[in-house]
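File shown: coords17.cif (mmCIF, C-alpha atoms (C1' of nucleotides)).
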data_input
#
loop_
_atom_site.label_atom_id
_atom_site.label_comp_id
_atom_site.auth_asym_id
_atom_site.auth_seq_id
_atom_site.Cartn_x
_atom_site.Cartn_y
_atom_site.Cartn_z
CA MET Y 1 166.43 59.65 88.12
CA ASN Y 2 164.28 59.53 91.27
CA GLN Y 3 165.03 61.34 94.50
CA SER Y 4 165.86 58.20 96.45
CA ARG Y 5 168.50 57.15 93.97
CA LYS Y 6 169.92 60.67 93.87
CA ASN Y 7 170.25 60.70 97.65
CA HIS Y 8 171.97 57.36 97.62
CA LEU Y 9 174.44 58.53 94.98
CA ASP Y 10 175.15 61.68 96.98
CA GLU Y 11 175.89 59.68 100.12
CA ARG Y 12 178.19 57.30 98.34
CA ALA Y 13 179.98 60.13 96.55
CA ARG Y 14 180.55 61.82 99.89
CA ILE Y 15 182.27 58.74 101.28
CA ILE Y 16 184.35 58.15 98.18
CA LYS Y 17 185.32 61.82 98.07
CA ALA Y 18 186.61 61.51 101.61
CA MET Y 19 189.08 58.91 100.35
CA ALA Y 20 190.05 60.82 97.22
CA HIS Y 21 193.21 62.46 98.51
CA PRO Y 22 196.75 61.08 98.72
CA THR Y 23 197.24 62.06 102.34
CA ARG Y 24 193.94 60.53 103.37
CA LEU Y 25 194.75 57.34 101.48
CA PHE Y 26 198.03 57.25 103.37
CA ILE Y 27 196.20 57.61 106.65
CA ILE Y 28 193.82 54.78 105.75
CA GLU Y 29 196.73 52.53 104.82
CA GLU Y 30 198.52 53.27 108.07
CA LEU Y 31 195.41 52.72 110.15
CA GLU Y 32 194.97 49.35 108.49
CA LYS Y 33 198.09 48.27 110.33
CA GLU Y 34 197.16 49.70 113.70
CA GLU Y 35 195.69 52.76 115.37
CA ARG Y 36 197.76 55.94 115.44
CA CYS Y 37 197.74 59.20 117.32
CA VAL Y 38 197.62 62.47 115.42
CA CYS Y 39 201.20 63.24 116.34
CA ASP Y 40 202.56 60.02 114.80
CA LEU Y 41 200.59 60.50 111.60
CA THR Y 42 201.73 64.11 111.41
CA GLU Y 43 205.35 63.09 111.63
CA GLU Y 44 204.97 60.40 108.97
CA ILE Y 45 203.11 62.72 106.63
CA GLY Y 46 205.33 65.73 107.10
CA ALA Y 47 202.64 68.41 106.90
CA ASP Y 48 201.34 70.88 109.45
CA VAL Y 49 199.45 69.28 112.36
CA SER Y 50 196.41 71.36 111.58
CA THR Y 51 196.37 70.01 108.04
CA VAL Y 52 196.53 66.41 109.25
CA SER Y 53 193.86 67.10 111.84
CA LYS Y 54 191.55 68.40 109.12
CA HIS Y 55 192.14 65.37 106.94
CA LEU Y 56 191.26 63.17 109.90
CA SER Y 57 188.15 65.21 110.44
CA VAL Y 58 187.05 64.59 106.85
CA LEU Y 59 187.54 60.83 107.30
CA LYS Y 60 185.67 60.91 110.58
CA GLN Y 61 182.73 62.85 109.14
CA ALA Y 62 182.45 60.25 106.41
CA GLY Y 63 182.37 57.44 108.94
CA ILE Y 64 185.61 55.90 107.77
CA VAL Y 65 187.60 56.37 110.97
CA ILE Y 66 186.75 56.68 114.60
CA ASP Y 67 188.65 58.56 117.29
CA ASP Y 68 189.49 57.72 120.84
CA LYS Y 69 190.92 60.26 123.23
CA ARG Y 70 193.40 58.92 125.76
CA GLY Y 71 195.21 61.42 127.91
CA ASN Y 72 196.04 64.42 125.81
CA GLN Y 73 196.43 62.33 122.67
CA VAL Y 74 193.75 61.31 120.19
CA PHE Y 75 194.05 57.90 118.57
CA TYR Y 76 192.36 57.12 115.29
CA ARG Y 77 191.48 53.75 113.82
CA LEU Y 78 189.43 52.42 110.93
CA ARG Y 79 185.76 52.06 111.67
CA VAL Y 80 185.04 49.54 108.94
CA PRO Y 81 187.43 46.65 108.34
CA CYS Y 82 186.90 46.16 104.60
CA ILE Y 83 188.79 49.18 103.34
CA LEU Y 84 191.76 47.08 102.30
CA ASN Y 85 189.65 45.09 99.86
CA PHE Y 86 188.18 48.32 98.68
CA PHE Y 87 191.42 49.17 96.96
CA GLY Y 88 191.69 45.92 95.04
CA CYS Y 89 189.74 47.39 92.20
CA VAL Y 90 191.67 50.62 92.17
CA GLU Y 91 194.80 48.55 91.77
CA SER Y 92 193.37 46.65 88.85
CA VAL Y 93 192.52 49.92 87.13
CA LEU Y 94 196.07 51.07 87.74
CA GLU Y 95 197.52 47.84 86.38
CA SER Y 96 195.24 48.01 83.41
CA ASN Y 97 196.38 51.58 82.75
CA ALA Y 98 199.99 50.49 83.04
CA ARG Y 99 199.51 47.61 80.61
CA GLU Y 100 197.88 49.89 78.10
CA HIS Y 101 200.66 52.39 78.44
CA ALA Y 102 203.25 49.65 77.89
CA ALA Y 103 201.41 48.35 74.83
CA LEU Y 104 201.24 51.84 73.42
CA PHE Y 105 204.95 52.20 73.98
CA GLU Y 106 205.63 48.92 72.19
CA PHE Y 107 203.64 50.21 69.27
CA THR Y 108 204.68 53.85 68.98
CA GLY Y 109 207.98 53.86 70.83
CA LYS Y 110 206.87 56.91 72.83
CA MET H 1 207.33 58.78 103.13
CA ASN H 2 209.40 57.85 100.08
CA GLN H 3 208.83 59.11 96.56
CA SER H 4 207.63 55.77 95.21
CA ARG H 5 204.93 55.50 97.81
CA LYS H 6 203.92 59.10 97.24
CA ASN H 7 203.54 58.47 93.52
CA HIS H 8 201.46 55.40 94.16
CA LEU H 9 199.18 57.32 96.51
CA ASP H 10 198.80 60.09 93.95
CA GLU H 11 197.80 57.64 91.23
CA ARG H 12 195.28 55.89 93.42
CA ALA H 13 193.83 59.17 94.63
CA ARG H 14 193.40 60.28 91.02
CA ILE H 15 191.35 57.20 90.21
CA ILE H 16 189.25 57.42 93.34
CA LYS H 17 188.70 61.12 92.77
CA ALA H 18 187.35 60.30 89.33
CA MET H 19 184.61 58.29 91.02
CA ALA H 20 183.92 60.83 93.72
CA HIS H 21 180.95 62.56 92.12
CA PRO H 22 177.27 61.54 92.14
CA THR H 23 176.85 61.89 88.39
CA ARG H 24 179.93 59.83 87.69
CA LEU H 25 178.80 57.15 90.14
CA PHE H 26 175.51 57.07 88.28
CA ILE H 27 177.33 56.61 84.99
CA ILE H 28 179.38 53.76 86.43
CA GLU H 29 176.25 52.04 87.73
CA GLU H 30 174.52 52.36 84.40
CA LEU H 31 177.52 51.08 82.49
CA GLU H 32 177.60 48.04 84.75
CA LYS H 33 174.34 47.00 83.12
CA GLU H 34 175.41 47.67 79.54
CA GLU H 35 177.19 50.16 77.35
CA ARG H 36 175.48 53.51 76.70
CA CYS H 37 175.83 56.33 74.23
CA VAL H 38 176.33 59.87 75.49
CA CYS H 39 172.83 60.84 74.41
CA ASP H 40 171.15 58.12 76.51
CA LEU H 41 173.21 58.97 79.57
CA THR H 42 172.47 62.65 79.07
CA GLU H 43 168.74 62.00 79.02
CA GLU H 44 168.88 59.84 82.14
CA ILE H 45 171.00 62.33 84.02
CA GLY H 46 169.11 65.43 82.98
CA ALA H 47 172.09 67.79 82.71
CA ASP H 48 173.60 69.58 79.74
CA VAL H 49 175.27 67.27 77.20
CA SER H 50 178.53 69.12 77.58
CA THR H 51 178.47 68.47 81.30
CA VAL H 52 177.92 64.76 80.79
CA SER H 53 180.61 64.63 78.15
CA LYS H 54 183.08 66.19 80.56
CA HIS H 55 182.20 63.70 83.28
CA LEU H 56 182.80 60.89 80.81
CA SER H 57 186.11 62.43 79.91
CA VAL H 58 187.17 62.38 83.57
CA LEU H 59 186.27 58.70 83.85
CA LYS H 60 188.10 57.94 80.62
CA GLN H 61 191.24 59.79 81.69
CA ALA H 62 191.29 57.74 84.87
CA GLY H 63 191.04 54.49 82.89
CA ILE H 64 187.65 53.57 84.32
CA VAL H 65 185.68 53.64 81.07
CA ILE H 66 186.51 53.17 77.43
CA ASP H 67 184.77 54.72 74.44
CA ASP H 68 183.80 53.32 71.09
CA LYS H 69 182.64 55.53 68.25
CA ARG H 70 180.00 54.03 65.99
CA GLY H 71 178.42 56.30 63.42
CA ASN H 72 177.94 59.68 64.97
CA GLN H 73 177.38 58.24 68.41
CA VAL H 74 179.97 57.42 71.05
CA PHE H 75 179.34 54.42 73.27
CA TYR H 76 180.98 54.08 76.65
CA ARG H 77 181.50 50.97 78.71
CA LEU H 78 183.42 49.98 81.83
CA ARG H 79 187.02 49.10 81.21
CA VAL H 80 187.51 47.07 84.38
CA PRO H 81 184.82 44.62 85.48
CA CYS H 82 185.33 44.79 89.24
CA ILE H 83 183.81 48.20 89.90
CA LEU H 84 180.62 46.68 91.28
CA ASN H 85 182.54 44.96 94.07
CA PHE H 86 184.35 48.18 94.66
CA PHE H 87 181.22 49.66 96.12
CA GLY H 88 180.63 46.89 98.60
CA CYS H 89 182.76 48.63 101.15
CA VAL H 90 181.19 52.00 100.56
CA GLU H 91 177.86 50.38 101.29
CA SER H 92 179.11 48.91 104.53
CA VAL H 93 180.32 52.33 105.62
CA LEU H 94 176.91 53.74 104.80
CA GLU H 95 175.14 50.99 106.71
CA SER H 96 177.47 51.46 109.61
CA ASN H 97 176.74 55.19 109.59
CA ALA H 98 173.01 54.48 109.49
CA ARG H 99 173.22 52.07 112.41
CA GLU H 100 175.12 54.58 114.47
CA HIS H 101 172.62 57.27 113.66
CA ALA H 102 169.75 54.98 114.67
CA ALA H 103 171.48 54.07 117.94
CA LEU H 104 172.05 57.73 118.68
CA PHE H 105 168.40 58.41 118.01
CA GLU H 106 167.37 55.62 120.40
CA PHE H 107 169.56 57.19 123.02
CA THR H 108 168.94 60.91 122.66
CA GLY H 109 165.64 60.98 120.80
CA LYS H 110 167.08 63.48 118.31
"C1'" DT X 1 177.16 70.34 49.27
"C1'" DG X 2 173.92 71.54 52.95
"C1'" DG X 3 171.29 70.40 56.78
"C1'" DC X 4 170.84 67.52 60.71
"C1'" DT X 5 172.38 64.95 64.83
"C1'" DT X 6 175.82 63.74 68.21
"C1'" DT X 7 179.72 64.80 70.85
"C1'" DT X 8 183.63 67.56 72.34
"C1'" DT X 9 186.00 71.82 73.42
"C1'" DG X 10 186.64 76.72 75.00
"C1'" DG X 11 185.21 80.23 77.93
"C1'" DT X 12 183.45 81.83 82.22
"C1'" DA X 13 181.25 82.35 86.71
"C1'" DT X 14 180.62 80.10 90.96
"C1'" DA X 15 181.60 76.88 94.53
"C1'" DA X 16 184.53 73.62 96.94
"C1'" DT X 17 189.10 71.98 98.48
"C1'" DT X 18 193.54 72.48 100.30
"C1'" DG X 19 197.35 74.02 103.27
"C1'" DC X 20 199.32 77.08 106.28
"C1'" DC X 21 199.43 80.30 110.27
"C1'" DA X 22 197.59 81.90 114.51
"C1'" DA X 23 194.69 81.24 118.19
"C1'" DA X 24 191.74 78.42 121.01
"C1'" DT X 25 190.88 74.17 123.56
"C1'" DA X 26 191.98 70.07 126.31
"C1'" DC X 27 194.72 67.60 129.06
"C1'" DT X 28 199.05 66.48 132.05
"C1'" DA X 29 202.24 67.35 135.46
"C1'" DA X 30 204.91 70.14 138.43
"C1'" DT D 1 197.91 77.83 139.16
"C1'" DT D 2 201.41 77.74 135.60
"C1'" DA D 3 203.95 75.69 131.99
"C1'" DG D 4 204.08 72.37 128.51
"C1'" DT D 5 202.21 69.09 125.05
"C1'" DA D 6 198.58 67.50 121.80
"C1'" DT D 7 194.81 68.59 119.02
"C1'" DT D 8 191.21 71.35 116.90
"C1'" DT D 9 189.27 75.51 114.95
"C1'" DG D 10 189.01 80.04 112.41
"C1'" DG D 11 190.66 82.68 108.78
"C1'" DC D 12 192.70 83.39 104.47
"C1'" DA D 13 194.93 82.79 99.83
"C1'" DA D 14 195.67 79.74 96.09
"C1'" DT D 15 194.17 76.07 93.45
"C1'" DT D 16 190.81 72.95 91.55
"C1'" DA D 17 186.12 71.37 90.31
"C1'" DT D 18 181.65 72.11 88.42
"C1'" DA D 19 177.92 73.56 85.29
"C1'" DC D 20 176.29 76.08 81.75
"C1'" DC D 21 176.36 78.37 77.12
"C1'" DA D 22 178.28 78.94 72.61
"C1'" DA D 23 180.87 77.23 69.09
"C1'" DA D 24 183.61 73.71 66.85
"C1'" DA D 25 184.19 69.01 65.12
"C1'" DA D 26 182.69 64.65 63.26
"C1'" DG D 27 179.54 61.83 61.04
"C1'" DC D 28 175.12 60.79 58.61
"C1'" DC D 29 171.95 61.28 54.72
"C1'" DA D 30 169.26 63.56 51.14
#
File written out as structure tokens:
Amino acid sequence: MNQSRKNHLDERARIIKAMAHPTRLFIIEELEKEERCVCDLTEEIGADVSTVSKHLSVLKQAGIVIDDKRGNQVFYRLRVPCILNFFGCVESVLESNAREHAALFEFTGK
Amino acid sequence: MNQSRKNHLDERARIIKAMAHPTRLFIIEELEKEERCVCDLTEEIGADVSTVSKHLSVLKQAGIVIDDKRGNQVFYRLRVPCILNFFGCVESVLESNAREHAALFEFTGK
DNA sequence: TGGCTTTTTGGTATAATTGCCAAATACTAA
DNA sequence: TTAGTATTTGGCAATTATACCAAAAAGCCA
């Protein structure tokens, strides 16, 4: 594997890793609807503000969200509009897993 | 956040997390072309066989790949055909990041 | 069977992630 | 300036991920 390909894989993994957490997926889903301030997200998520702030920081570092300070609040929104489509494939893996599980149940009864 | 949504987020995060590693992205890319045995992947990746085997196990657990034993070799292939599209969005994030970086360079010279 | 190849599993050391608390920072408004 | 609100940062403990080596398991063939 050459260095250029390795770098490219590292970059992509970094972005995907930024999405690989339930709370951060939640944030992405919410931001698909409309921008949110940290306080609103914190309330919806039900974790410590500092935790939510760090999740947002991970998403921002990866280039997935962008922030906008207005008054003493910080509003976040998606930076790239295609994230919704992004999850289409994840869903089809999930559905495929579910189908397999159901078939296995049919067969073994477990 | 209700329990059903939380479960759904957990499942999706698990699948995305399975992709969130450079070596596993490499494997997915290679399997897009055609199925591969563990030995071929190991040679291309240049890590210990046991390491590659464990990466494959992660992908299999997530339902992303499927294995097929033939003789004393095990061949892996993608289980869901849409993974290639999946990366379209990751690319656009990367390109967006690159553009921003270039613009910043124009502006600050750094 | 015995030797060979391929793959997986167990063990272990190291590194990265996560979540909370406490403290710092930034801004508003009185 | 002082008090109050919103957010970020530093520090720390607990958990999880990663990579390697050694050994086990599974299959081939002489």
Residue list for chain H near chain Y as a ChimeraX atom specification, 8 Å, all atoms listed in the file: /H:1,6,9-17,19-23,25-26,44-45,63-64,80,82-83,85-94,96-97
- request: Write out as a VMD selection string every residue belonging to chain H that has an atom at most 10 Å from any atom of chain D, counting all atoms listed in the file.
  value: chain H and resid 47 to 52 54 to 55 70 to 73
task: Mind checking which residues fall within 12 Å of Lys69 in chain H, counting all atoms listed in the file, ignoring those fewer than 5 positions away in the same chain, and posting them as a PyMOL selection string?
output: (chain H and resi 35-38+74-77) or (chain X and resi 6-7) or (chain D and resi 26-27)
Picked residues, the PyMOL selection byres ((chain X) within 12 of (chain H)), expected as a count of residues only: 7
- request: Enter the distance from CA of Asn2 in chain Y to CA of Asp40 in chain H, in Å, rounded to one decimal.
  value: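 Separation between CA of Asn2 in chain Y and CA of Asp40 in chain H: 16.3 Å.
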task: Using CA of Ile66 in chain Y and CA of Leu31 in chain Y as the two end points, give the distance in Å to one decimal.
output: 10.5 Å
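Between CA of Glu32 in chain H and CA of Ala103 in chain Y there is a distance of 25.8 Å.
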Taking every listed atom of range 20-28 of chain Y and adding 4 Å to each side, what centre and edge lengths in Å (one decimal) does the axis-aligned box have, as lines of an AutoDock Vina configuration file?
center_x = 194.0
center_y = 58.6
center_z = 101.9
size_x = 16.0
size_y = 15.7
size_z = 17.4
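For the choices Y:Gln3, Y:Asp67, Y:Thr108, Y:Leu78, the atom-to-atom distance to Ile28 in chain Y is smallest for Y:Leu78 when using all atoms listed in the file.
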